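Student: So I've got this file, start_28.cif, and it contains mmCIF, C-alpha atoms, pLDDT in the B column; chains and numbers go by the auth columns:
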```cif
data_input
loop_
_atom_site.group_PDB
_atom_site.id
_atom_site.type_symbol
_atom_site.label_atom_id
_atom_site.label_comp_id
_atom_site.label_asym_id
_atom_site.label_seq_id
_atom_site.Cartn_x
_atom_site.Cartn_y
_atom_site.Cartn_z
_atom_site.B_iso_or_equiv
_atom_site.auth_seq_id
_atom_site.auth_asym_id
ATOM 1 C CA MET A 1 -81.516 195.975 92.759 54.00 16 A
ATOM 2 C CA ASN A 2 -81.516 192.869 90.613 64.00 17 A
ATOM 3 C CA THR A 3 -77.796 193.349 89.954 67.00 18 A
ATOM 4 C CA GLN A 4 -77.091 193.674 93.670 61.00 19 A
ATOM 5 C CA LEU A 5 -78.904 190.407 94.382 54.00 20 A
ATOM 6 C CA ARG A 6 -76.945 188.645 91.639 61.00 21 A
ATOM 7 C CA LEU A 7 -73.647 190.003 92.992 56.00 22 A
ATOM 8 C CA ALA A 8 -74.584 188.925 96.522 50.00 23 A
ATOM 9 C CA ALA A 9 -75.496 185.438 95.279 51.00 24 A
ATOM 10 C CA ILE A 10 -72.233 185.175 93.361 60.00 25 A
ATOM 11 C CA ALA A 11 -70.250 186.352 96.406 50.00 26 A
ATOM 12 C CA LEU A 12 -72.012 183.789 98.606 45.00 27 A
ATOM 13 C CA THR A 13 -71.296 181.016 96.106 48.00 28 A
ATOM 14 C CA VAL A 14 -67.623 181.979 95.954 47.00 29 A
ATOM 15 C CA VAL A 15 -67.383 181.965 99.758 44.00 30 A
ATOM 16 C CA GLN A 16 -69.058 178.551 99.899 49.00 31 A
ATOM 17 C CA LEU A 17 -66.726 177.152 97.246 46.00 32 A
ATOM 18 C CA LEU A 18 -63.667 178.509 99.038 50.00 33 A
ATOM 19 C CA THR A 19 -64.675 177.256 102.500 45.00 34 A
ATOM 20 C CA ALA A 20 -66.082 173.857 101.485 43.00 35 A
ATOM 21 C CA PRO A 21 -62.653 172.152 101.330 45.00 36 A
ATOM 22 C CA LEU A 22 -61.831 173.502 104.791 42.00 37 A
ATOM 23 C CA LEU A 23 -65.087 172.210 106.239 39.00 38 A
ATOM 24 C CA LEU A 24 -64.597 168.820 104.604 38.00 39 A
ATOM 25 C CA ALA A 25 -61.052 168.638 105.966 38.00 40 A
ATOM 26 C CA GLN A 26 -62.330 169.412 109.477 38.00 41 A
ATOM 27 C CA ASP A 27 -64.982 166.695 109.185 38.00 42 A
ATOM 28 C CA ALA A 28 -62.336 164.226 108.000 34.00 43 A
ATOM 29 C CA GLN A 29 -60.206 164.994 111.058 37.00 44 A
ATOM 30 C CA ILE A 30 -63.139 164.417 113.376 40.00 45 A
ATOM 31 C CA GLU A 31 -64.315 161.219 111.700 45.00 46 A
ATOM 32 C CA ALA A 32 -61.050 159.518 110.813 51.00 47 A
ATOM 33 C CA PRO A 33 -59.594 157.423 113.630 56.00 48 A
ATOM 34 C CA LYS A 34 -55.954 158.138 114.282 62.00 49 A
ATOM 35 C CA SER A 35 -53.207 156.111 115.880 67.00 50 A
ATOM 36 C CA ILE A 36 -51.900 157.434 119.146 81.00 51 A
ATOM 37 C CA GLY A 37 -48.231 157.619 119.946 84.00 52 A
ATOM 38 C CA TRP A 38 -48.369 157.894 123.722 89.00 53 A
ATOM 39 C CA LEU A 39 -49.415 154.308 124.555 87.00 54 A
ATOM 40 C CA HIS A 40 -45.859 153.380 125.547 87.00 55 A
ATOM 41 C CA LEU A 41 -46.063 155.953 128.365 90.00 56 A
ATOM 42 C CA LEU A 42 -48.863 154.002 130.046 90.00 57 A
ATOM 43 C CA ALA A 43 -46.496 151.151 130.878 89.00 58 A
ATOM 44 C CA LYS A 44 -44.070 153.590 132.521 90.00 59 A
ATOM 45 C CA THR A 45 -46.782 155.153 134.679 93.00 60 A
ATOM 46 C CA ASN A 46 -47.277 154.478 138.388 93.00 61 A
ATOM 47 C CA TRP A 47 -50.891 153.257 138.481 96.00 62 A
ATOM 48 C CA GLN A 48 -52.695 153.007 141.817 95.00 63 A
ATOM 49 C CA GLY A 49 -56.101 151.899 143.010 93.00 64 A
ATOM 50 C CA VAL A 50 -58.467 149.111 142.017 92.00 65 A
ATOM 51 C CA GLY A 51 -57.078 146.766 139.372 91.00 66 A
ATOM 52 C CA SER A 52 -53.712 148.489 139.067 90.00 67 A
ATOM 53 C CA ASP A 53 -51.838 145.272 139.859 90.00 68 A
ATOM 54 C CA SER A 54 -53.413 143.417 136.911 87.00 69 A
ATOM 55 C CA LEU A 55 -52.794 146.031 134.196 88.00 70 A
ATOM 56 C CA ARG A 56 -50.980 144.700 131.147 84.00 71 A
ATOM 57 C CA PHE A 57 -49.396 146.871 128.495 81.00 72 A
ATOM 58 C CA PRO A 58 -49.567 147.222 125.580 72.00 73 A
ATOM 59 C CA PRO A 59 -53.350 147.381 125.833 76.00 74 A
ATOM 60 C CA ASP A 60 -55.324 144.273 124.964 84.00 75 A
ATOM 61 C CA GLU A 61 -58.370 143.908 122.701 84.00 76 A
ATOM 62 C CA ARG A 62 -60.722 145.654 125.089 88.00 77 A
ATOM 63 C CA LEU A 63 -61.718 149.249 124.692 92.00 78 A
ATOM 64 C CA TRP A 64 -59.742 151.595 126.896 94.00 79 A
ATOM 65 C CA LEU A 65 -60.767 154.957 128.273 96.00 80 A
ATOM 66 C CA ILE A 66 -58.526 157.514 129.921 97.00 81 A
ATOM 67 C CA ILE A 67 -60.216 160.228 131.921 97.00 82 A
ATOM 68 C CA GLY A 68 -58.367 163.346 132.972 97.00 83 A
ATOM 69 C CA PHE A 69 -60.036 164.801 136.051 97.00 84 A
ATOM 70 C CA LYS A 70 -59.702 167.409 138.775 96.00 85 A
ATOM 71 C CA THR A 71 -61.245 167.370 142.221 95.00 86 A
ATOM 72 C CA CYS A 72 -62.571 170.894 141.824 91.00 87 A
ATOM 73 C CA CYS A 73 -66.024 170.848 140.319 89.00 88 A
ATOM 74 C CA LEU A 74 -69.282 169.101 139.547 93.00 89 A
ATOM 75 C CA ALA A 75 -68.410 168.478 135.874 94.00 90 A
ATOM 76 C CA ASN A 76 -65.462 166.306 136.925 96.00 91 A
ATOM 77 C CA GLN A 77 -67.599 164.451 139.459 96.00 92 A
ATOM 78 C CA ILE A 78 -70.224 163.719 136.775 96.00 93 A
ATOM 79 C CA ALA A 79 -67.585 162.458 134.339 97.00 94 A
ATOM 80 C CA VAL A 80 -65.883 160.234 136.934 97.00 95 A
ATOM 81 C CA ASN A 81 -69.263 158.848 138.050 96.00 96 A
ATOM 82 C CA TRP A 82 -70.097 158.054 134.416 96.00 97 A
ATOM 83 C CA VAL A 83 -66.812 156.164 133.990 97.00 98 A
ATOM 84 C CA VAL A 84 -67.401 154.230 137.235 96.00 99 A
ATOM 85 C CA LYS A 85 -70.814 153.211 135.888 95.00 100 A
ATOM 86 C CA GLN A 86 -69.352 152.114 132.543 94.00 101 A
ATOM 87 C CA VAL A 87 -66.729 149.950 134.269 94.00 102 A
ATOM 88 C CA GLU A 88 -69.427 148.328 136.442 94.00 103 A
ATOM 89 C CA GLU A 89 -71.719 147.652 133.488 91.00 104 A
ATOM 90 C CA ARG A 90 -68.968 146.214 131.287 86.00 105 A
ATOM 91 C CA ASP A 91 -67.698 143.798 133.956 81.00 106 A
ATOM 92 C CA GLY A 92 -64.079 143.493 132.847 79.00 107 A
ATOM 93 C CA SER A 93 -64.583 143.924 129.116 81.00 108 A
ATOM 94 C CA PHE A 94 -63.712 147.601 129.331 86.00 109 A
ATOM 95 C CA GLN A 95 -60.636 149.204 130.922 93.00 110 A
ATOM 96 C CA ALA A 96 -60.659 152.718 132.358 96.00 111 A
ATOM 97 C CA LEU A 97 -57.660 154.672 133.617 97.00 112 A
ATOM 98 C CA GLY A 98 -57.812 157.884 135.609 97.00 113 A
ATOM 99 C CA LEU A 99 -55.307 160.681 135.230 97.00 114 A
ATOM 100 C CA SER A 100 -55.362 163.317 137.951 97.00 115 A
ATOM 101 C CA MET A 101 -54.797 166.814 136.694 96.00 116 A
ATOM 102 C CA ASP A 102 -54.471 168.193 140.208 95.00 117 A
ATOM 103 C CA PRO A 103 -50.987 169.085 141.460 94.00 118 A
ATOM 104 C CA SER A 104 -49.144 166.065 142.891 93.00 119 A
ATOM 105 C CA ARG A 105 -48.777 167.910 146.212 95.00 120 A
ATOM 106 C CA GLN A 106 -52.555 167.351 146.619 95.00 121 A
ATOM 107 C CA ALA A 107 -52.279 163.566 146.266 95.00 122 A
ATOM 108 C CA GLY A 108 -53.948 162.859 149.622 96.00 123 A
ATOM 109 C CA ARG A 109 -56.906 165.051 148.763 96.00 124 A
ATOM 110 C CA THR A 110 -57.176 163.453 145.314 96.00 125 A
ATOM 111 C CA GLN A 111 -57.108 159.923 146.748 96.00 126 A
ATOM 112 C CA SER A 112 -59.822 160.814 149.286 96.00 127 A
ATOM 113 C CA TRP A 113 -61.933 162.339 146.519 96.00 128 A
ATOM 114 C CA LEU A 114 -61.594 159.176 144.392 96.00 129 A
ATOM 115 C CA LYS A 115 -62.384 156.908 147.337 95.00 130 A
ATOM 116 C CA SER A 116 -65.535 158.888 148.166 95.00 131 A
ATOM 117 C CA ARG A 117 -66.714 158.297 144.585 94.00 132 A
ATOM 118 C CA ASN A 118 -66.049 154.543 144.728 94.00 133 A
ATOM 119 C CA VAL A 119 -63.624 154.709 141.805 96.00 134 A
ATOM 120 C CA ASN A 120 -63.265 151.161 140.483 95.00 135 A
ATOM 121 C CA PHE A 121 -60.396 151.656 138.049 96.00 136 A
ATOM 122 C CA PRO A 122 -56.673 152.389 138.237 97.00 137 A
ATOM 123 C CA TYR A 123 -55.557 155.997 138.432 97.00 138 A
ATOM 124 C CA THR A 124 -52.363 157.962 138.580 97.00 139 A
ATOM 125 C CA ILE A 125 -51.352 161.214 140.202 96.00 140 A
ATOM 126 C CA PRO A 126 -48.336 162.124 138.085 93.00 141 A
ATOM 127 C CA SER A 127 -45.535 164.226 139.513 89.00 142 A
ATOM 128 C CA SER A 128 -44.965 165.906 136.137 89.00 143 A
ATOM 129 C CA ASP A 129 -47.094 167.031 133.230 88.00 144 A
ATOM 130 C CA ASP A 130 -45.425 164.647 130.741 90.00 145 A
ATOM 131 C CA LEU A 131 -48.298 162.164 130.414 92.00 146 A
ATOM 132 C CA ARG A 132 -50.953 164.893 130.418 93.00 147 A
ATOM 133 C CA ALA A 133 -49.102 166.776 127.687 93.00 148 A
ATOM 134 C CA ALA A 134 -48.505 163.649 125.613 93.00 149 A
ATOM 135 C CA ILE A 135 -52.196 162.746 125.710 94.00 150 A
ATOM 136 C CA GLY A 136 -53.167 166.354 125.055 93.00 151 A
ATOM 137 C CA PHE A 137 -55.143 166.945 128.223 94.00 152 A
ATOM 138 C CA GLN A 138 -55.158 170.650 128.973 91.00 153 A
ATOM 139 C CA THR A 139 -58.389 170.899 130.920 92.00 154 A
ATOM 140 C CA ALA A 140 -60.676 168.606 132.856 95.00 155 A
ATOM 141 C CA PRO A 141 -62.734 166.606 132.523 97.00 156 A
ATOM 142 C CA ALA A 142 -61.188 165.173 129.385 96.00 157 A
ATOM 143 C CA LEU A 143 -61.689 161.673 127.980 97.00 158 A
ATOM 144 C CA VAL A 144 -60.068 159.591 125.256 96.00 159 A
ATOM 145 C CA LEU A 145 -61.583 156.291 124.120 95.00 160 A
ATOM 146 C CA PHE A 146 -59.235 154.000 122.194 93.00 161 A
ATOM 147 C CA ASN A 147 -58.923 150.384 121.191 90.00 162 A
ATOM 148 C CA GLY A 148 -56.153 147.916 121.961 84.00 163 A
ATOM 149 C CA ALA A 149 -54.530 148.571 118.588 85.00 164 A
ATOM 150 C CA GLY A 150 -53.858 152.119 119.690 86.00 165 A
ATOM 151 C CA VAL A 151 -56.479 153.781 117.523 90.00 166 A
ATOM 152 C CA GLU A 152 -58.242 156.751 119.063 92.00 167 A
ATOM 153 C CA LEU A 153 -61.993 156.374 118.630 94.00 168 A
ATOM 154 C CA TYR A 154 -63.281 159.422 120.492 95.00 169 A
ATOM 155 C CA ARG A 155 -61.904 162.419 122.346 95.00 170 A
ATOM 156 C CA THR A 156 -63.667 165.097 124.333 95.00 171 A
ATOM 157 C CA MET A 157 -62.801 168.011 126.542 91.00 172 A
ATOM 158 C CA PHE A 158 -65.595 169.315 128.771 88.00 173 A
ATOM 159 C CA PHE A 159 -67.611 166.095 129.097 92.00 174 A
ATOM 160 C CA THR A 160 -71.281 166.518 128.105 94.00 175 A
ATOM 161 C CA LYS A 161 -74.358 164.324 127.951 95.00 176 A
ATOM 162 C CA SER A 162 -73.881 164.159 124.183 95.00 177 A
ATOM 163 C CA ASP A 163 -70.314 162.908 124.672 95.00 178 A
ATOM 164 C CA ALA A 164 -71.580 160.211 127.038 96.00 179 A
ATOM 165 C CA GLU A 165 -74.191 159.093 124.527 96.00 180 A
ATOM 166 C CA LYS A 166 -71.696 158.986 121.645 95.00 181 A
ATOM 167 C CA MET A 167 -69.175 156.981 123.657 95.00 182 A
ATOM 168 C CA GLU A 168 -71.854 154.571 124.868 94.00 183 A
ATOM 169 C CA GLN A 169 -72.868 153.993 121.240 94.00 184 A
ATOM 170 C CA LEU A 170 -69.242 153.423 120.214 93.00 185 A
ATOM 171 C CA ILE A 171 -68.686 151.003 123.083 92.00 186 A
ATOM 172 C CA ALA A 172 -71.873 149.056 122.330 91.00 187 A
ATOM 173 C CA SER A 173 -71.076 148.975 118.616 91.00 188 A
ATOM 174 C CA TYR A 174 -67.501 147.807 119.238 89.00 189 A
ATOM 175 C CA TYR A 175 -68.599 144.870 121.363 84.00 190 A
ATOM 176 C CA SER A 176 -71.549 143.888 119.184 84.00 191 A
ATOM 177 C CA THR A 177 -69.267 143.851 116.108 74.00 192 A
ATOM 178 C CA LYS A 178 -66.583 141.926 117.982 60.00 193 A
ATOM 179 C CA ASP A 179 -69.108 139.359 119.288 61.00 194 A
ATOM 180 C CA ALA A 180 -70.505 138.849 115.783 60.00 195 A
ATOM 181 C CA LYS A 181 -67.099 137.725 114.469 56.00 196 A
#
```
What do you get writing this file as structure tokens?

Tutor:
Amino acid sequence: MNTQLRLAAIALTVVQLLTAPLLLAQDAQIEAPKSIGWLHLLAKTNWQGVGSDSLRFPPDERLWLIIGFKTCCLANQIAVNWVVKQVEERDGSFQALGLSMDPSRQAGRTQSWLKSRNVNFPYTIPSSDDLRAAIGFQTAPALVLFNGAGVELYRTMFFTKSDAEKMEQLIASYYSTKDAK
């Protein structure tokens, strides 16, 4: 029995040693900000809605958030409502962009849905999947928070309360650090 316990302990140690580099690599991917290569597509996009006429690309020093949404479910409504609230609270120091993931043939329905939620940021209803694919949005709601230098700070698919809290902390930290300079 003692030998079996020793062999089990050795096997567990070997497994831990073999998987530790993989776990560390995963953590590094999550933690390390990465530059995003799709920013140039934003300038080529047909933005509509509130503030679309004053958009300037490349992005400025504010934080930017792109939300991919559908008009189909409560999770999307919660995410869009959260973004609306963030835009209101930040009063111009934060830029949000909406990216409809509904088919373009449903544009009227999408616009009505956005209007009923008092969306206060520009949005687009693309006729192709190019922008969605470039950003990596495959499901909704999906959000990407990035800075004006094109560095992705946070990404989430399936928006949760934890995601909201993490992004709120990042946003607050970004502006408190910036104001301290």

Student: Using the chain letters and numbers from this file, what does the PyMOL selection byres ((chain A and resi 135) around 6) select? Give the answer as an NGL selection string.

Tutor: :A and (65 or 134 or 136)

Student: Calculate how many Å separate CA of Ala122 in chain A from CA of Asn61 in chain A, rounding to one decimal.

Tutor: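 We find that CA of Ala122 in chain A and CA of Asn61 in chain A lie 13.0 Å from each other.
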
Student: Go through A:Lys100, A:Arg132, A:Lys181, A:Arg147 one by one, measure the shortest atom-to-atom distance of each to Thr60 in chain A using only C-alpha atoms, and give the residue with the smallest value.

Tutor: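 Counting only C-alpha atoms, the residue closest to Thr60 in chain A is A:Arg147.
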
Student: Taking into account all atoms listed in the file, which residue in the set A:Asn162, A:Asn133, A:Thr86, A:Ser69 is nearest to Gly107 in chain A?

Tutor: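 When distances to Gly107 in chain A are compared using all atoms listed in the file, the smallest one comes from A:Ser69.
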
Student: Residues near Gln92 in chain A, anyone? I mean within 10 Å using all atoms listed in the file, not counting same-chain ones fewer than 5 positions away, as a compact mmCIF listing (two decimals) with C-alpha atoms, keeping the file's coordinate frame.

Tutor:
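Produced file part_8.txt, reproduced below:
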```txt
# COMPACT_ATOMS: atom_id res chain seq x y z
CA PHE A 84 -60.04 164.80 136.05
CA LYS A 85 -59.70 167.41 138.78
CA THR A 86 -61.24 167.37 142.22
CA CYS A 87 -62.57 170.89 141.82
CA TRP A 97 -70.10 158.05 134.42
CA VAL A 98 -66.81 156.16 133.99
CA TRP A 128 -61.93 162.34 146.52
CA LEU A 129 -61.59 159.18 144.39
CA ARG A 132 -66.71 158.30 144.58
CA PRO A 156 -62.73 166.61 132.52
```

Student: Please build the interface table for range 49-99 of chain A against range 172-180 of chain A with a cut-off of 9 Å, listing for each qualifying residue the nearest atom pair and the distance in Å to one decimal; count all atoms listed in the file, order rows by chain and increasing number, and write it as a Markdown table.

Tutor:
```
| residue | atom | partner | partner_atom | distance |
| --- | --- | --- | --- | --- |
| A:Ala90 | CA | A:Phe174 | CA | 7.2 |
| A:Asn91 | CA | A:Phe174 | CA | 8.1 |
| A:Ile93 | CA | A:Phe174 | CA | 8.5 |
| A:Ala94 | CA | A:Phe174 | CA | 6.4 |
| A:Trp97 | CA | A:Ala179 | CA | 7.8 |
```

Student: Quick check, in Å to one decimal: how far apart do CA of Pro137 in chain A and CA of Ile82 in chain A lie?

Tutor: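 Those two atoms sit 10.7 Å apart.
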
Student: May I ask which of the residues A:Asp117, A:Leu160, A:Asp145, A:Gln184 is the closest one to Trp53 in chain A, counting all atoms listed in the file?

Tutor: A:Asp145

Student: Mind pulling up the distance from CA of Arg77 in chain A to CA of Asp106 in chain A?

Tutor: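 Taking CA of Asp106 in chain A and CA of Arg77 in chain A, their separation equals 11.4 Å.
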
Student: Identify all residues satisfying the PyMOL selection byres ((chain A and resi 185-191) around 12) in the given file; provide them as a VMD selection string.

Tutor: chain A and resid 76 to 80 101 to 102 104 to 105 108 to 110 160 to 163 167 to 170 178 to 184 192 to 196

Student: Pick from A:Pro74, A:Leu158, A:Thr171, A:Gly52: nearest to Ser115 in chain A, with all atoms listed in the file counted?

Tutor: A:Leu158

Student: Between A:Ala149, A:Val159, A:Val99, A:Leu114, single out the one closest to Gly83 in chain A, counting all atoms listed in the file.

Tutor: A:Leu114

Student: When distances are computed from all atoms listed in the file, which of A:Ala148, A:Lys130, A:Gln63, A:Leu56 shows the smallest separation from Asn96 in chain A?

Tutor: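 Counting all atoms listed in the file, the residue closest to Asn96 in chain A is A:Lys130.
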
Student: Please list as a list in words every residue within 10 Å of Arg71 in chain A, counting all atoms listed in the file and excluding residues in the same chain fewer than 4 positions away.

Tutor: Leu57, Ala58, Ser67 and Asp75 of chain A

Student: Reconstruct N, CA and C atoms of range 45-80 of chain A; output as a CSV table (one decimal), keeping the file's coordinate frame.

Tutor:
```
chain,number,residue,atom,x,y,z
A,45,ILE,N,-62.3,164.9,112.3
A,45,ILE,CA,-63.1,164.4,113.4
A,45,ILE,C,-63.5,162.9,113.2
A,46,GLU,N,-63.8,162.6,112.0
A,46,GLU,CA,-64.3,161.2,111.7
A,46,GLU,C,-63.2,160.2,111.6
A,47,ALA,N,-62.1,160.5,111.1
A,47,ALA,CA,-61.0,159.5,110.8
A,47,ALA,C,-60.3,159.1,112.1
A,48,PRO,N,-60.4,157.8,112.5
A,48,PRO,CA,-59.6,157.4,113.6
A,48,PRO,C,-58.1,157.6,113.4
A,49,LYS,N,-57.4,157.9,114.4
A,49,LYS,CA,-56.0,158.1,114.3
A,49,LYS,C,-55.2,157.3,115.3
A,50,SER,N,-54.0,156.9,114.9
A,50,SER,CA,-53.2,156.1,115.9
A,50,SER,C,-52.6,157.1,116.9
A,51,ILE,N,-52.4,156.6,118.1
A,51,ILE,CA,-51.9,157.4,119.1
A,51,ILE,C,-50.5,157.0,119.5
A,52,GLY,N,-49.6,157.9,119.7
A,52,GLY,CA,-48.2,157.6,119.9
A,52,GLY,C,-47.8,157.6,121.4
A,53,TRP,N,-48.7,157.8,122.3
A,53,TRP,CA,-48.4,157.9,123.7
A,53,TRP,C,-48.7,156.6,124.5
A,54,LEU,N,-49.1,155.5,123.8
A,54,LEU,CA,-49.4,154.3,124.6
A,54,LEU,C,-48.2,153.8,125.4
A,55,HIS,N,-47.0,153.9,124.8
A,55,HIS,CA,-45.9,153.4,125.5
A,55,HIS,C,-45.7,154.0,126.9
A,56,LEU,N,-46.2,155.3,127.1
A,56,LEU,CA,-46.1,156.0,128.4
A,56,LEU,C,-46.9,155.3,129.5
A,57,LEU,N,-48.0,154.6,129.0
A,57,LEU,CA,-48.9,154.0,130.0
A,57,LEU,C,-48.1,152.9,130.9
A,58,ALA,N,-47.2,152.2,130.2
A,58,ALA,CA,-46.5,151.2,130.9
A,58,ALA,C,-45.5,151.7,131.9
A,59,LYS,N,-45.0,152.9,131.6
A,59,LYS,CA,-44.1,153.6,132.5
A,59,LYS,C,-44.7,154.4,133.6
A,60,THR,N,-46.0,154.4,133.7
A,60,THR,CA,-46.8,155.2,134.7
A,60,THR,C,-47.0,154.4,136.0
A,61,ASN,N,-47.0,155.1,137.1
A,61,ASN,CA,-47.3,154.5,138.4
A,61,ASN,C,-48.8,154.5,138.6
A,62,TRP,N,-49.4,153.4,138.3
A,62,TRP,CA,-50.9,153.3,138.5
A,62,TRP,C,-51.2,152.8,139.9
A,63,GLN,N,-52.3,153.3,140.5
A,63,GLN,CA,-52.7,153.0,141.8
A,63,GLN,C,-54.2,152.6,141.8
A,64,GLY,N,-54.7,152.1,142.9
A,64,GLY,CA,-56.1,151.9,143.0
A,64,GLY,C,-56.5,150.5,142.5
A,65,VAL,N,-57.8,150.4,142.4
A,65,VAL,CA,-58.5,149.1,142.0
A,65,VAL,C,-58.0,148.6,140.7
A,66,GLY,N,-57.5,147.4,140.6
A,66,GLY,CA,-57.1,146.8,139.4
A,66,GLY,C,-55.7,147.2,138.8
A,67,SER,N,-55.0,148.0,139.6
A,67,SER,CA,-53.7,148.5,139.1
A,67,SER,C,-52.7,147.4,139.0
A,68,ASP,N,-52.8,146.4,139.9
A,68,ASP,CA,-51.8,145.3,139.9
A,68,ASP,C,-52.0,144.3,138.7
A,69,SER,N,-53.2,144.3,138.0
A,69,SER,CA,-53.4,143.4,136.9
A,69,SER,C,-53.3,144.1,135.5
A,70,LEU,N,-52.9,145.3,135.5
A,70,LEU,CA,-52.8,146.0,134.2
A,70,LEU,C,-51.7,145.4,133.4
A,71,ARG,N,-52.0,145.2,132.1
A,71,ARG,CA,-51.0,144.7,131.1
A,71,ARG,C,-50.9,145.7,130.0
A,72,PHE,N,-49.6,146.0,129.6
A,72,PHE,CA,-49.4,146.9,128.5
A,72,PHE,C,-48.5,146.2,127.5
A,73,PRO,N,-48.6,146.3,126.2
A,73,PRO,CA,-49.6,147.2,125.6
A,73,PRO,C,-51.0,146.8,125.8
A,74,PRO,N,-51.9,147.7,125.6
A,74,PRO,CA,-53.4,147.4,125.8
A,74,PRO,C,-53.8,146.2,125.0
A,75,ASP,N,-54.8,145.5,125.6
A,75,ASP,CA,-55.3,144.3,125.0
A,75,ASP,C,-56.5,144.7,124.1
A,76,GLU,N,-57.3,143.7,123.7
A,76,GLU,CA,-58.4,143.9,122.7
A,76,GLU,C,-59.6,144.6,123.2
A,77,ARG,N,-59.6,144.9,124.5
A,77,ARG,CA,-60.7,145.7,125.1
A,77,ARG,C,-60.7,147.1,124.6
A,78,LEU,N,-61.7,147.8,124.8
A,78,LEU,CA,-61.7,149.2,124.7
A,78,LEU,C,-61.1,149.8,126.0
A,79,TRP,N,-60.4,150.9,125.8
A,79,TRP,CA,-59.7,151.6,126.9
A,79,TRP,C,-60.2,153.0,126.9
A,80,LEU,N,-60.3,153.6,128.1
A,80,LEU,CA,-60.8,155.0,128.3
A,80,LEU,C,-59.9,155.6,129.3
```
